[in-house]
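Enquirer: Sharing data-v6.cif (mmCIF, C-alpha atoms) below.
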data_input
loop_
_atom_site.label_atom_id
_atom_site.label_comp_id
_atom_site.auth_asym_id
_atom_site.auth_seq_id
_atom_site.Cartn_x
_atom_site.Cartn_y
_atom_site.Cartn_z
CA ASP A 1 123.12 103.11 114.34
CA ALA A 2 126.14 105.02 113.12
CA GLY A 3 126.43 105.74 109.44
CA ILE A 4 124.51 107.29 106.61
CA THR A 5 120.96 106.16 105.96
CA GLN A 6 118.63 106.88 103.09
CA SER A 7 114.88 106.48 102.99
CA PRO A 8 112.88 105.12 101.42
CA ARG A 9 114.84 102.36 99.65
CA TYR A 10 112.24 102.13 96.90
CA LYS A 11 109.65 104.63 95.75
CA ILE A 12 107.13 104.69 92.93
CA THR A 13 105.44 107.99 92.23
CA GLU A 14 103.35 109.54 89.50
CA THR A 15 104.39 112.23 87.08
CA GLY A 16 103.79 115.69 88.53
CA ARG A 17 103.84 114.67 92.18
CA GLN A 18 106.25 116.07 94.70
CA VAL A 19 108.50 113.53 96.37
CA THR A 20 111.19 113.88 99.03
CA LEU A 21 114.13 111.56 99.52
CA MET A 22 115.69 111.58 102.95
CA CYS A 23 119.32 111.33 103.98
CA HIS A 24 120.63 111.21 107.53
CA GLN A 25 124.22 110.89 108.77
CA THR A 26 125.45 110.37 112.31
CA TRP A 27 129.07 111.54 112.03
CA SER A 28 128.46 115.31 111.89
CA HIS A 29 130.30 115.45 108.58
CA SER A 30 130.22 118.95 107.18
CA TYR A 31 129.79 118.03 103.53
CA MET A 32 126.84 116.14 102.08
CA PHE A 33 126.02 115.27 98.49
CA TRP A 34 123.24 113.96 96.29
CA TYR A 35 124.05 111.93 93.19
CA ARG A 36 121.93 110.16 90.66
CA GLN A 37 123.11 107.02 88.91
CA ASP A 38 121.90 106.13 85.44
CA LEU A 39 123.11 103.59 82.91
CA GLY A 40 125.57 105.19 80.56
CA HIS A 41 126.06 108.26 82.73
CA GLY A 42 127.72 106.92 85.84
CA LEU A 43 127.30 109.16 88.87
CA ARG A 44 126.14 112.73 88.39
CA LEU A 45 126.18 115.30 91.16
CA ILE A 46 122.82 117.01 91.75
CA TYR A 47 123.46 119.22 94.76
CA TYR A 48 125.90 119.41 97.62
CA SER A 49 126.14 121.19 100.93
CA ALA A 50 129.20 122.46 102.78
CA ALA A 51 127.41 123.02 106.10
CA ALA A 52 123.99 123.70 107.55
CA ASP A 53 122.20 126.34 105.48
CA ILE A 54 124.87 126.28 102.74
CA THR A 55 124.00 124.46 99.52
CA ASP A 56 125.23 124.62 95.96
CA LYS A 57 124.33 123.18 92.57
CA GLY A 58 126.09 120.27 90.96
CA GLU A 59 125.98 119.09 87.34
CA VAL A 60 122.25 118.31 87.06
CA PRO A 61 120.25 120.43 89.55
CA ASP A 62 117.20 121.24 87.42
CA GLY A 63 113.96 119.93 88.87
CA TYR A 64 115.45 119.32 92.33
CA VAL A 65 115.45 121.29 95.56
CA VAL A 66 117.56 120.68 98.68
CA SER A 67 117.69 122.06 102.18
CA ARG A 68 120.03 121.62 105.11
CA SER A 69 118.57 123.05 108.29
CA LYS A 70 120.50 120.55 110.44
CA THR A 71 123.99 119.19 109.86
CA GLU A 72 122.82 115.58 109.95
CA ASN A 73 119.98 115.81 107.42
CA PHE A 74 120.02 116.61 103.73
CA PRO A 75 116.66 115.94 102.05
CA LEU A 76 116.25 116.04 98.27
CA THR A 77 112.89 117.10 96.86
CA LEU A 78 111.61 116.58 93.35
CA GLU A 79 109.11 119.41 93.04
CA SER A 80 107.15 117.92 90.13
CA ALA A 81 108.45 114.49 89.24
CA THR A 82 109.09 113.59 85.60
CA ARG A 83 109.85 110.23 84.00
CA SER A 84 113.39 111.40 83.25
CA GLN A 85 113.97 111.54 87.01
CA THR A 86 113.56 107.78 87.27
CA SER A 87 116.93 106.81 88.68
CA VAL A 88 118.86 105.52 91.67
CA TYR A 89 119.73 108.32 94.06
CA PHE A 90 122.71 108.21 96.40
CA CYS A 91 123.50 110.45 99.31
CA ALA A 92 127.09 110.80 100.53
CA SER A 93 128.99 112.66 103.22
CA SER A 94 132.57 113.76 103.84
CA GLU A 95 134.57 115.44 106.55
CA LEU A 96 135.60 119.04 106.16
CA GLY A 97 139.06 119.50 104.68
CA GLN A 98 139.52 115.78 104.18
CA GLY A 99 139.59 115.61 100.41
CA SER A 100 142.01 112.72 100.58
CA HIS A 101 139.57 110.57 102.54
CA GLY A 102 136.85 110.28 99.96
CA TYR A 103 133.16 110.01 100.60
CA THR A 104 130.89 107.64 102.49
CA PHE A 105 127.75 106.64 100.60
CA GLY A 106 124.29 105.57 101.63
CA SER A 107 122.61 102.48 100.18
CA GLY A 108 120.55 104.43 97.70
CA THR A 109 116.90 105.10 96.85
CA ARG A 110 115.49 103.59 93.69
CA LEU A 111 112.88 106.01 92.37
CA THR A 112 110.47 105.15 89.59
CA VAL A 113 108.27 107.86 88.09
CA VAL A 114 105.30 106.49 86.15
CA GLY B 1 139.53 120.42 83.76
CA ASN B 2 139.55 117.37 85.96
CA SER B 3 138.35 114.07 84.53
CA VAL B 4 138.62 110.31 84.92
CA THR B 5 138.49 107.77 82.11
CA GLN B 6 137.84 104.11 82.76
CA MET B 7 137.77 101.16 80.42
CA GLU B 8 134.32 100.18 79.27
CA GLY B 9 132.81 97.00 80.54
CA PRO B 10 131.64 94.56 81.21
CA VAL B 11 134.83 92.74 82.02
CA THR B 12 134.06 89.03 82.08
CA LEU B 13 136.47 86.64 83.81
CA SER B 14 136.56 83.15 85.16
CA GLU B 15 137.24 82.59 88.84
CA GLU B 16 140.96 82.79 89.75
CA ALA B 17 141.80 84.87 86.66
CA PHE B 18 143.97 88.01 86.85
CA LEU B 19 142.10 91.30 86.80
CA THR B 20 143.12 94.69 85.45
CA ILE B 21 140.72 97.61 85.15
CA ASN B 22 142.33 100.62 83.55
CA CYS B 23 141.90 104.16 84.86
CA THR B 24 143.57 107.32 83.61
CA TYR B 25 143.02 110.84 84.83
CA THR B 26 143.45 114.48 83.96
CA ALA B 27 143.95 116.91 86.80
CA THR B 28 145.79 120.04 87.81
CA GLY B 29 147.97 119.86 90.88
CA TYR B 30 148.40 116.65 92.82
CA PRO B 31 145.12 114.79 93.18
CA SER B 32 144.23 111.96 95.51
CA LEU B 33 143.00 108.86 93.69
CA PHE B 34 140.38 106.33 94.72
CA TRP B 35 138.72 103.11 93.71
CA TYR B 36 135.16 102.52 94.86
CA VAL B 37 133.19 99.29 94.52
CA GLN B 38 129.43 98.95 94.20
CA TYR B 39 127.94 95.52 94.85
CA PRO B 40 124.49 94.78 93.41
CA GLY B 41 121.75 96.75 95.17
CA GLU B 42 124.17 98.65 97.38
CA GLY B 43 125.87 102.03 97.59
CA LEU B 44 129.48 102.72 96.74
CA GLN B 45 132.15 101.63 99.19
CA LEU B 46 135.70 102.91 99.30
CA LEU B 47 137.98 100.07 98.17
CA LEU B 48 141.39 101.73 98.24
CA LYS B 49 143.10 105.07 97.81
CA ALA B 50 146.46 106.72 97.14
CA THR B 51 147.32 110.29 97.96
CA LYS B 52 150.68 110.88 96.25
CA ALA B 53 152.75 109.67 93.34
CA ASP B 54 154.10 106.11 93.58
CA ASP B 55 151.81 105.28 96.51
CA LYS B 56 150.18 101.87 96.31
CA GLY B 57 146.70 101.45 97.72
CA SER B 58 145.60 97.94 98.64
CA ASN B 59 142.62 96.21 100.18
CA LYS B 60 140.93 92.77 99.95
CA GLY B 61 143.59 91.57 97.49
CA PHE B 62 143.10 94.55 95.17
CA GLU B 63 145.96 96.93 94.41
CA ALA B 64 146.45 100.16 92.48
CA THR B 65 149.57 102.29 92.08
CA TYR B 66 149.46 106.05 91.59
CA ARG B 67 151.53 106.66 88.43
CA LYS B 68 152.04 110.36 87.86
CA GLU B 69 154.17 109.91 84.74
CA THR B 70 151.37 108.03 82.96
CA THR B 71 148.49 109.68 84.89
CA SER B 72 147.10 106.26 85.67
CA PHE B 73 145.67 104.33 88.61
CA HIS B 74 144.91 100.85 87.28
CA LEU B 75 143.13 98.38 89.55
CA GLU B 76 144.56 94.84 89.75
CA LYS B 77 143.83 91.62 91.53
CA GLY B 78 145.77 88.42 91.16
CA SER B 79 142.92 85.95 91.50
CA VAL B 80 139.30 87.09 91.30
CA GLN B 81 136.38 85.41 93.01
CA VAL B 82 132.71 85.25 92.10
CA SER B 83 132.06 87.55 95.05
CA ASP B 84 134.14 90.28 93.34
CA SER B 85 131.40 90.74 90.72
CA ALA B 86 130.46 94.39 91.06
CA VAL B 87 130.84 97.79 89.44
CA TYR B 88 134.16 99.53 90.07
CA PHE B 89 134.53 103.31 89.97
CA CYS B 90 137.77 105.22 89.71
CA ALA B 91 137.69 108.74 91.18
CA LEU B 92 139.95 111.65 91.94
CA SER B 93 139.96 114.50 94.43
CA PRO B 94 141.76 117.40 92.76
CA MET B 95 143.80 118.48 95.76
CA ASN B 96 145.23 116.79 98.83
CA THR B 97 144.44 119.67 101.16
CA GLY B 98 141.22 121.51 101.57
CA PHE B 99 137.93 120.25 100.29
CA GLN B 100 137.40 119.38 96.65
CA LYS B 101 134.53 117.49 95.09
CA LEU B 102 135.27 113.98 93.89
CA VAL B 103 135.29 113.41 90.14
CA PHE B 104 134.10 109.92 89.16
CA GLY B 105 134.65 107.77 86.14
CA THR B 106 131.65 106.09 84.54
CA GLY B 107 132.28 102.73 86.21
CA THR B 108 133.36 99.31 84.94
CA ARG B 109 131.22 96.25 85.57
CA LEU B 110 133.09 93.07 86.48
CA LEU B 111 131.42 89.70 86.04
CA VAL B 112 133.19 86.66 87.45
CA SER B 113 131.91 83.20 86.60
CA PRO B 114 132.64 79.98 88.55
#
Go through the file and emit its structure as structure tokens.

Expert:
Amino acid sequence: DAGITQSPRYKITETGRQVTLMCHQTWSHSYMFWYRQDLGHGLRLIYYSAAADITDKGEVPDGYVVSRSKTENFPLTLESATRSQTSVYFCASSELGQGSHGYTFGSGTRLTVV
Amino acid sequence: GNSVTQMEGPVTLSEEAFLTINCTYTATGYPSLFWYVQYPGEGLQLLLKATKADDKGSNKGFEATYRKETTSFHLEKGSVQVSDSAVYFCALSPMNTGFQKLVFGTGTRLLVSP
């Protein structure tokens, strides 16, 4: 199926565990993004990537790691999960040089850290 | 810097009422402006956009006009439906050419009752 897919949709993990959220897009968009959404904070950018093997920090990168070995995948890893990382995580993608076109978002992963 | 300010919600309306959600922005240059909608349990979807001053974006009965003189991009709909209940995000892309990260407002929740 064409589009941007995130997995899993829901995840419960324990404090201190490592967890990876997956994001896959089928358009070969150059840019990919990870956001977290929390009440009172709106959307906050965690990391983004301009191309395979090129990543950069957003507003709230601490505690997260990303990689982009292939254009279509952009996994987000919480190295040692904390309760403050309980959130809804959204992946998005965008075409290169198309700032006027906006982003396309996945359906989100709801992560609960207990 | 670049920023987007939206009215706080929730906005509560009865079906068929007129809707306005205010959005103002601060940006250098000539940004593109967007409205995204997030239905319960889903990711953000692009609702409409405008790329230059005085442009009007429209989709699904929603409209917004890019007002450079007032740095505003208010979202309007003449007659809301229960199915319009969602969170609405205003966003800007700082430049029309080349890639720039989107800057989001904090979102405004709309609740429409029958």

Enquirer: Pick the closest to chain B from A:Glu72, A:Asp53, A:Glu14, A:Glu59: which is it, counting only C-alpha atoms?

Expert: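 Closest residue, counting only C-alpha atoms: A:Glu59.
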
Enquirer: Rank A:Leu39, A:Ile54, A:Val19, A:Val113 by their smallest atom-to-atom distance to chain B, using all atoms listed in the file, and report the top residue only.

Expert: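 Closest candidate: A:Leu39.
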
Enquirer: Using the chain letters and numbers from this file, what does the PyMOL selection byres ((chain A and resi 57) around 7) select? Give the answer as a list in words.

Expert: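 Checked against the file, the PyMOL selection byres ((chain A and resi 57) around 7) matches Ile46, Tyr47, Tyr48, Asp56, Gly58, Glu59 and Pro61 of chain A.
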
Enquirer: Output C-alpha atoms for every residue in that selection, as a CSV table (one decimal), keeping the file's coordinate frame.

Expert:
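Saved as again24.csv:
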chain,number,residue,atom,x,y,z
A,46,ILE,CA,122.8,117.0,91.8
A,47,TYR,CA,123.5,119.2,94.8
A,48,TYR,CA,125.9,119.4,97.6
A,56,ASP,CA,125.2,124.6,96.0
A,58,GLY,CA,126.1,120.3,91.0
A,59,GLU,CA,126.0,119.1,87.3
A,61,PRO,CA,120.2,120.4,89.6

Enquirer: Give me the residues within 7 Å of Gln25 in chain A as JSON, numbers by chain, counting all atoms listed in the file and dropping any in the same chain fewer than 3 places off.

Expert: {"A": [3, 4, 5, 28, 72, 73]}

Enquirer: Just C-alpha atoms for this one: save the residues we selected as an mmCIF file, in the frame of the given file.

Expert:
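Result saved to result_7.cif:
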data_model
loop_
_atom_site.group_PDB
_atom_site.id
_atom_site.type_symbol
_atom_site.label_atom_id
_atom_site.label_comp_id
_atom_site.auth_asym_id
_atom_site.auth_seq_id
_atom_site.Cartn_x
_atom_site.Cartn_y
_atom_site.Cartn_z
ATOM 1 C CA GLY A 3 126.430 105.740 109.440
ATOM 2 C CA ILE A 4 124.510 107.290 106.610
ATOM 3 C CA THR A 5 120.960 106.160 105.960
ATOM 4 C CA SER A 28 128.460 115.310 111.890
ATOM 5 C CA GLU A 72 122.820 115.580 109.950
ATOM 6 C CA ASN A 73 119.980 115.810 107.420
#

Enquirer: Using the chain letters and numbers from the file, give me the residues hit by the PyMOL selection byres ((chain A) within 12 of (chain B)), as a PyMOL selection string.

Expert: chain A and resi 4-6+9-10+30-45+47-50+56-59+88-110
